[in-house]
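Heads up, structure35.cif below (mmCIF, C-alpha atoms):
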```cif
data_my_file
#
loop_
_atom_site.label_atom_id
_atom_site.label_comp_id
_atom_site.auth_asym_id
_atom_site.auth_seq_id
_atom_site.Cartn_x
_atom_site.Cartn_y
_atom_site.Cartn_z
CA MET A 1 -14.35 25.65 93.26
CA SER A 2 -13.44 24.21 89.89
CA VAL A 3 -10.11 22.52 89.21
CA SER A 4 -7.94 23.84 86.39
CA GLN A 5 -6.85 21.59 83.58
CA VAL A 6 -3.28 22.57 84.55
CA THR A 7 -2.37 22.30 88.24
CA THR A 8 0.89 22.44 90.12
CA HIS A 9 2.45 22.03 93.52
CA ILE A 10 5.85 22.90 94.92
CA LEU A 11 7.82 20.90 97.43
CA ASP A 12 10.77 22.68 99.04
CA THR A 13 13.14 19.72 99.14
CA GLY A 14 15.66 21.70 101.20
CA SER A 15 13.22 21.95 104.09
CA GLY A 16 11.13 18.88 103.29
CA ARG A 17 7.97 20.98 103.37
CA PRO A 18 5.47 22.37 100.87
CA ALA A 19 6.42 25.78 99.48
CA ALA A 20 3.53 28.05 100.48
CA GLY A 21 2.98 31.55 99.12
CA VAL A 22 4.80 31.14 95.79
CA ALA A 23 3.37 33.20 92.92
CA VAL A 24 2.82 31.13 89.76
CA VAL A 25 1.75 32.34 86.31
CA LEU A 26 0.47 30.18 83.44
CA TYR A 27 1.10 31.37 79.87
CA VAL A 28 0.21 30.02 76.42
CA ARG A 29 2.40 30.57 73.38
CA GLU A 30 0.64 32.50 70.60
CA GLY A 31 3.01 32.96 67.67
CA ASP A 32 6.14 34.63 69.04
CA ASN A 33 4.45 35.83 72.24
CA TRP A 34 3.47 34.37 75.60
CA THR A 35 -0.08 35.30 76.67
CA LEU A 36 -1.36 35.15 80.26
CA VAL A 37 -3.84 32.33 80.91
CA GLY A 38 -4.03 32.43 84.70
CA LYS A 39 -2.13 33.09 87.90
CA GLY A 40 -2.23 32.21 91.55
CA GLU A 41 -0.28 31.54 94.70
CA THR A 42 0.48 28.21 96.33
CA ASP A 43 -1.57 27.39 99.40
CA ALA A 44 -0.29 26.01 102.73
CA ASP A 45 0.07 22.60 101.06
CA GLY A 46 2.16 24.13 98.23
CA ARG A 47 -0.65 23.56 95.69
CA ILE A 48 -2.63 25.59 93.17
CA LYS A 49 -5.77 23.88 91.92
CA ASN A 50 -7.45 26.90 90.28
CA LEU A 51 -4.58 28.25 88.19
CA GLY A 52 -6.53 28.66 84.97
CA PRO A 53 -9.60 27.47 83.11
CA GLU A 54 -11.11 24.00 83.42
CA ARG A 55 -10.34 23.42 79.73
CA ILE A 56 -7.57 24.79 77.52
CA PRO A 57 -6.74 24.08 73.89
CA GLY A 58 -3.68 22.08 72.91
CA GLY A 59 -0.45 24.01 72.47
CA ALA A 60 2.74 25.21 74.12
CA TYR A 61 2.43 26.42 77.72
CA ARG A 62 4.75 27.86 80.37
CA LEU A 63 4.55 27.96 84.14
CA ASN A 64 6.58 30.75 85.76
CA PHE A 65 7.40 30.31 89.47
CA ALA A 66 8.59 33.32 91.53
CA THR A 67 11.16 31.31 93.47
CA GLY A 68 13.39 34.28 94.30
CA ASP A 69 10.59 36.05 96.15
CA TYR A 70 9.80 32.83 98.04
CA TYR A 71 13.38 32.39 99.24
CA ALA A 72 13.79 36.11 99.97
CA GLY A 73 10.82 35.79 102.32
CA LEU A 74 12.65 32.99 104.10
CA GLY A 75 15.88 34.99 104.26
CA THR A 76 17.59 32.34 102.11
CA GLU A 77 19.91 32.96 99.19
CA THR A 78 18.94 31.22 95.94
CA PHE A 79 20.58 30.79 92.56
CA PHE A 80 17.24 30.80 90.69
CA PRO A 81 15.23 34.05 90.96
CA GLU A 82 12.50 32.35 88.94
CA VAL A 83 11.83 29.01 87.28
CA ASP A 84 10.11 28.62 83.90
CA LEU A 85 8.74 25.22 82.94
CA ASN A 86 7.68 24.83 79.31
CA PHE A 87 5.40 21.94 78.36
CA THR A 88 3.00 20.82 75.65
CA VAL A 89 -0.70 20.17 76.07
CA SER A 90 -1.43 17.59 73.40
CA ASP A 91 -4.79 16.29 74.64
CA ALA A 92 -7.22 19.08 75.47
CA GLY A 93 -9.35 16.64 77.51
CA GLU A 94 -6.56 15.42 79.79
CA HIS A 95 -5.47 16.84 83.15
CA TYR A 96 -1.89 18.20 83.33
CA HIS A 97 -0.23 18.29 86.76
CA VAL A 98 3.24 19.89 86.66
CA PRO A 99 4.99 19.73 90.06
CA LEU A 100 8.19 21.54 91.00
CA LEU A 101 10.74 20.08 93.42
CA LEU A 102 12.76 23.02 94.64
CA SER A 103 15.85 23.83 96.69
CA PRO A 104 17.87 27.06 96.79
CA PHE A 105 20.38 25.78 94.21
CA ALA A 106 18.51 23.12 92.22
CA PHE A 107 15.12 22.18 90.87
CA SER A 108 13.44 19.24 89.18
CA THR A 109 10.05 18.52 87.66
CA TYR A 110 7.99 15.71 86.14
CA ARG A 111 4.58 15.07 84.63
CA GLY A 112 2.34 14.23 87.53
CA SER A 113 -1.16 12.85 87.60
#
```
Rewrite the structure of this file - the entire thing - as structure tokens.
Amino acid sequence: MSVSQVTTHILDTGSGRPAAGVAVVLYVREGDNWTLVGKGETDADGRIKNLGPERIPGGAYRLNFATGDYYAGLGTETFFPEVDLNFTVSDAGEHYHVPLLLSPFAFSTYRGS
């Protein structure tokens, strides 16, 4: 299995566990539109390693996380039905890891390695 240039993982900070089974979609901005690049679902460790191609061109990208569906499956109310993270790929040869730290009423992110 190849590893995507963009990867992610989700940690449910409310439970202190990885968030498994969360649908994630990767988009690239093309003019005024967002175009699908890849999609997947987090594994038991809350990770997606094969979200898109091994190499992508520089540009503006978005990760969309279906957090509402995740919390609905847990029977937990959440303020965020989805989370969009926009970021820039400036070096087409570099790996971009974009984690999401999630709770029902807050989220945070950072550029991982």
Rounded to one decimal, what separation in Å do you get between CA of Val24 (chain A) and CA of Pro53 (chain A)? 14.6 Å
Polymer residues at most 12 Å from (-2.7, 23.4, 94.8) by only C-alpha atoms, as an mmCIF file with C-alpha atoms, keeping the file's coordinate frame:
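And here's part10.cif as it stands now:
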```
data_model
loop_
_atom_site.group_PDB
_atom_site.id
_atom_site.type_symbol
_atom_site.label_atom_id
_atom_site.label_comp_id
_atom_site.auth_asym_id
_atom_site.auth_seq_id
_atom_site.Cartn_x
_atom_site.Cartn_y
_atom_site.Cartn_z
ATOM 1 C CA MET A 1 -14.350 25.650 93.260
ATOM 2 C CA SER A 2 -13.440 24.210 89.890
ATOM 3 C CA VAL A 3 -10.110 22.520 89.210
ATOM 4 C CA SER A 4 -7.940 23.840 86.390
ATOM 5 C CA VAL A 6 -3.280 22.570 84.550
ATOM 6 C CA THR A 7 -2.370 22.300 88.240
ATOM 7 C CA THR A 8 0.890 22.440 90.120
ATOM 8 C CA HIS A 9 2.450 22.030 93.520
ATOM 9 C CA ILE A 10 5.850 22.900 94.920
ATOM 10 C CA LEU A 11 7.820 20.900 97.430
ATOM 11 C CA PRO A 18 5.470 22.370 100.870
ATOM 12 C CA ALA A 19 6.420 25.780 99.480
ATOM 13 C CA ALA A 20 3.530 28.050 100.480
ATOM 14 C CA GLY A 21 2.980 31.550 99.120
ATOM 15 C CA VAL A 22 4.800 31.140 95.790
ATOM 16 C CA ALA A 23 3.370 33.200 92.920
ATOM 17 C CA VAL A 24 2.820 31.130 89.760
ATOM 18 C CA LYS A 39 -2.130 33.090 87.900
ATOM 19 C CA GLY A 40 -2.230 32.210 91.550
ATOM 20 C CA GLU A 41 -0.280 31.540 94.700
ATOM 21 C CA THR A 42 0.480 28.210 96.330
ATOM 22 C CA ASP A 43 -1.570 27.390 99.400
ATOM 23 C CA ALA A 44 -0.290 26.010 102.730
ATOM 24 C CA ASP A 45 0.070 22.600 101.060
ATOM 25 C CA GLY A 46 2.160 24.130 98.230
ATOM 26 C CA ARG A 47 -0.650 23.560 95.690
ATOM 27 C CA ILE A 48 -2.630 25.590 93.170
ATOM 28 C CA LYS A 49 -5.770 23.880 91.920
ATOM 29 C CA ASN A 50 -7.450 26.900 90.280
ATOM 30 C CA LEU A 51 -4.580 28.250 88.190
ATOM 31 C CA GLY A 52 -6.530 28.660 84.970
ATOM 32 C CA HIS A 97 -0.230 18.290 86.760
ATOM 33 C CA VAL A 98 3.240 19.890 86.660
ATOM 34 C CA PRO A 99 4.990 19.730 90.060
ATOM 35 C CA LEU A 100 8.190 21.540 91.000
#
```
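If you measure from each of A:Arg55, A:Arg17, A:Arg29, A:Arg111 to Ala92 (chain A) using all atoms listed in the file, the closest one turns out to be A:Arg55.
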Hits of the PyMOL selection byres ((chain A and resi 57) around 9) in this structure, as a PyMOL selection string: chain A and resi 55-56+58-59+89-93
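Picture a line from CA of Leu85 (chain A) to CA of Ala60 (chain A); it runs 10.7 Å.
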Counting only C-alpha atoms, the residue of A:Thr67, A:Ser15, A:Thr78, A:Thr88 that sits nearest Tyr27 (chain A):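 For Tyr27 (chain A), the nearest of the candidates is A:Thr88.
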Between A:Asn86, A:Asp12, A:Gly38, A:Gly75, single out the one closest to Ser103 (chain A), counting all atoms listed in the file.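 Distance minimum relative to Ser103 (chain A) lands on A:Asp12.
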Of the candidates A:Arg62, A:Leu36, A:Phe87, A:Leu26, which one gets nearest to Tyr110 (chain A) if we count only C-alpha atoms?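 Checking each candidate against Tyr110 (chain A), we get A:Phe87 as the closest.
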Would you pick out the contacts of Asn64 (chain A) at 6 Å or less, using all atoms listed in the file, so that residues sharing its chain but fewer than 6 positions from it are not included, and give the list as a list in words?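 The residues that qualify are Val24, Val25, Val83 and Asp84 of chain A.
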Give the answer as one residue: which of A:Thr109, A:Glu82, A:Trp34, A:Glu54 has the shortest atom-to-atom distance to Gly68 (chain A), using all atoms listed in the file? A:Glu82
